[in-house]
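The structure appears right after this line, and notes come after that.
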Amino acid sequence: MARIAVVTDTSGDLLPEQAAAAGIRLVPLSVSFGEETFQAVTELSNEDFYRRLTAPGAPLPRTAAPNPQQFEAACRDALEGGAEGVVLVTISSALSATHSSAVQAARAFEPGTVEVIDTRTVTLAQGMIASDLAALAASGAGMADLTARAADLISRSDIYFVVDTLEYLQKGGRIGRASALVGTVLSIKPILHLVDGFVATADKRRTAAKARARLLELVTGRPVERANILHTTAPGLEAFRDEFADLAGLPHDEVPIGIVGPVAGTHVGPGMYGVSLITHP
């Protein structure tokens, strides 16, 4: 067993079977449709989430962070199972109260036993960081090695994506109604990314084709070490993946395509696609 256990929340969009194979414990956020509440990813599958999201007359879903007791239970389970310590990997603290819950949970243990890592990112970028740390932990690395590795990966991680519609960003309060209306009328496709843990606009293009071309420019402007294609039920991703991989100099089969789960999917809506990547040092 690894000396250090890795725990992450389901904002990282690791499927339960992926997390289990990597030895990662998952702590779920929740997603609610009206009066119905589910554990994101672990109870409500991504496929079921998008079916509900796009159903006629469906209410706008809401997401909620795990409480500290959920994180504490996952950490205690790891420690009682023989781990010497726990690295707790969370979604950006700028995007969710999840990180705050994790920090509070860590205080229930002796100092240095549980280290909380703010990835400053979300979805598959967060998942890549958690998976990398789990692999390092499996090699026998200690807490200091894992926290140093996390800092390095966070400094080199990025995520860029194009949304198909501004409706969900507006409904979720991420942009104003006037901006959403103007953007829709003009067919503006914003290209978004993460800056210091916050969602920011990287560029805007007037058509989907121009947005796609600009996105490829942005994600291949620096040498890429590894990457994932991420999407919320967007079509044509194999061709996009292949073009990105060719431009980045990566084998096609080393750039997986993954679906974004309910946490980020609630705010960007269906049809979003993009790239999460880690650049070379």
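Here's how to read the names in the structure tokens: chain A, B, ... by the order shown, residue numbers from 1 in each chain, ligand numbers from 1 in the order shown.
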Checklist line | Long-range neighbours of region 121-124 of chain A as a ChimeraX atom specification, 9 Å cut-off, only C-alpha atoms, 2 positions minimum in chain | finding: /A:10-14,90-95,118-119,126-129,154,157-159,194-198,228-230,258-261,263-264,275-277
Run DSSP on the backbone of this structure and report the residues of region 72-121 of chain A it assigns to helix (DSSP H, G or I), as a PDB file with C-alpha atoms, in the first residue's frame.
ATOM      1  CA  GLU A  72     -12.879  13.671   7.228  1.00  0.00           C
ATOM      2  CA  ALA A  73     -14.456  10.237   6.776  1.00  0.00           C
ATOM      3  CA  ALA A  74     -12.491   9.579   3.570  1.00  0.00           C
ATOM      4  CA  CYS A  75      -9.226  10.623   5.225  1.00  0.00           C
ATOM      5  CA  ARG A  76      -9.913   8.567   8.339  1.00  0.00           C
ATOM      6  CA  ASP A  77     -10.702   5.535   6.197  1.00  0.00           C
ATOM      7  CA  ALA A  78      -7.339   5.894   4.442  1.00  0.00           C
ATOM      8  CA  LEU A  79      -5.417   6.310   7.690  1.00  0.00           C
ATOM      9  CA  GLU A  80      -7.156   3.401   9.381  1.00  0.00           C
ATOM     10  CA  THR A  98     -15.254  22.410  -1.570  1.00  0.00           C
ATOM     11  CA  HIS A  99     -11.698  23.487  -0.776  1.00  0.00           C
ATOM     12  CA  SER A 100     -12.839  25.216   2.411  1.00  0.00           C
ATOM     13  CA  SER A 101     -14.602  22.028   3.538  1.00  0.00           C
ATOM     14  CA  ALA A 102     -11.425  20.046   2.890  1.00  0.00           C
ATOM     15  CA  VAL A 103      -9.319  22.502   4.899  1.00  0.00           C
ATOM     16  CA  GLN A 104     -11.754  22.275   7.792  1.00  0.00           C
ATOM     17  CA  ALA A 105     -11.662  18.478   7.674  1.00  0.00           C
ATOM     18  CA  ALA A 106      -7.854  18.442   7.757  1.00  0.00           C
TER      19      ALA A 106
END
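Of the residues under consideration (A:Pro68, A:Pro262, A:Gly236, A:Pro223), A:Pro223 shows the shortest atom-to-atom contact distance to Gly249 (chain A) when counting only C-alpha atoms.
Near Leu88 (chain A), within a cut-off of 7 Å and counting only C-alpha atoms, sit the residues Val6, Val7, Thr8, Val114, Glu115, Val116 and Ile117 of chain A, with same-chain residues fewer than 5 positions away left out.
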Notebook entry, point to check: When you draw a straight line from CA of Ala65 (chain A) to CA of Ile278 (chain A), how long is it in Å?
Noted result: 26.0 Å
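Relative to CA of Tyr50 (chain A), CA of Gln18 (chain A) is found at 20.3 Å.
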Notebook entry, point to check: Using only C-alpha atoms, which residues sit within 12 Å of Asp48 (chain A) once same-chain residues fewer than 6 positions away are excluded, as a ChimeraX atom specification?
Noted result: /A:31,33,38,40-42,54-55,233,261-262
Margin query: Residues near Glu254 (chain A), anyone? I mean within 12 Å using only C-alpha atoms, not counting same-chain ones fewer than 4 positions away, as a ChimeraX atom specification.
Written below: /A:224-229,241-242,244-246,248-250
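When only C-alpha atoms are used to measure the gap to Gly140 (chain A), the shortest distance among A:Val162, A:Leu29, A:Ala209, A:Ala83 belongs to A:Ala83.
Distances here use only C-alpha atoms; by that measure, the residue among A:Glu43, A:Ile257, A:Gly271, A:Ile4 closest to Pro16 (chain A) is A:Glu43.
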Notebook entry, point to check: With distances taken over only C-alpha atoms, which of A:Ala64, A:Leu26, A:Met272, A:Ala19 is nearest to Ala208 (chain A)?
Noted result: A:Met272
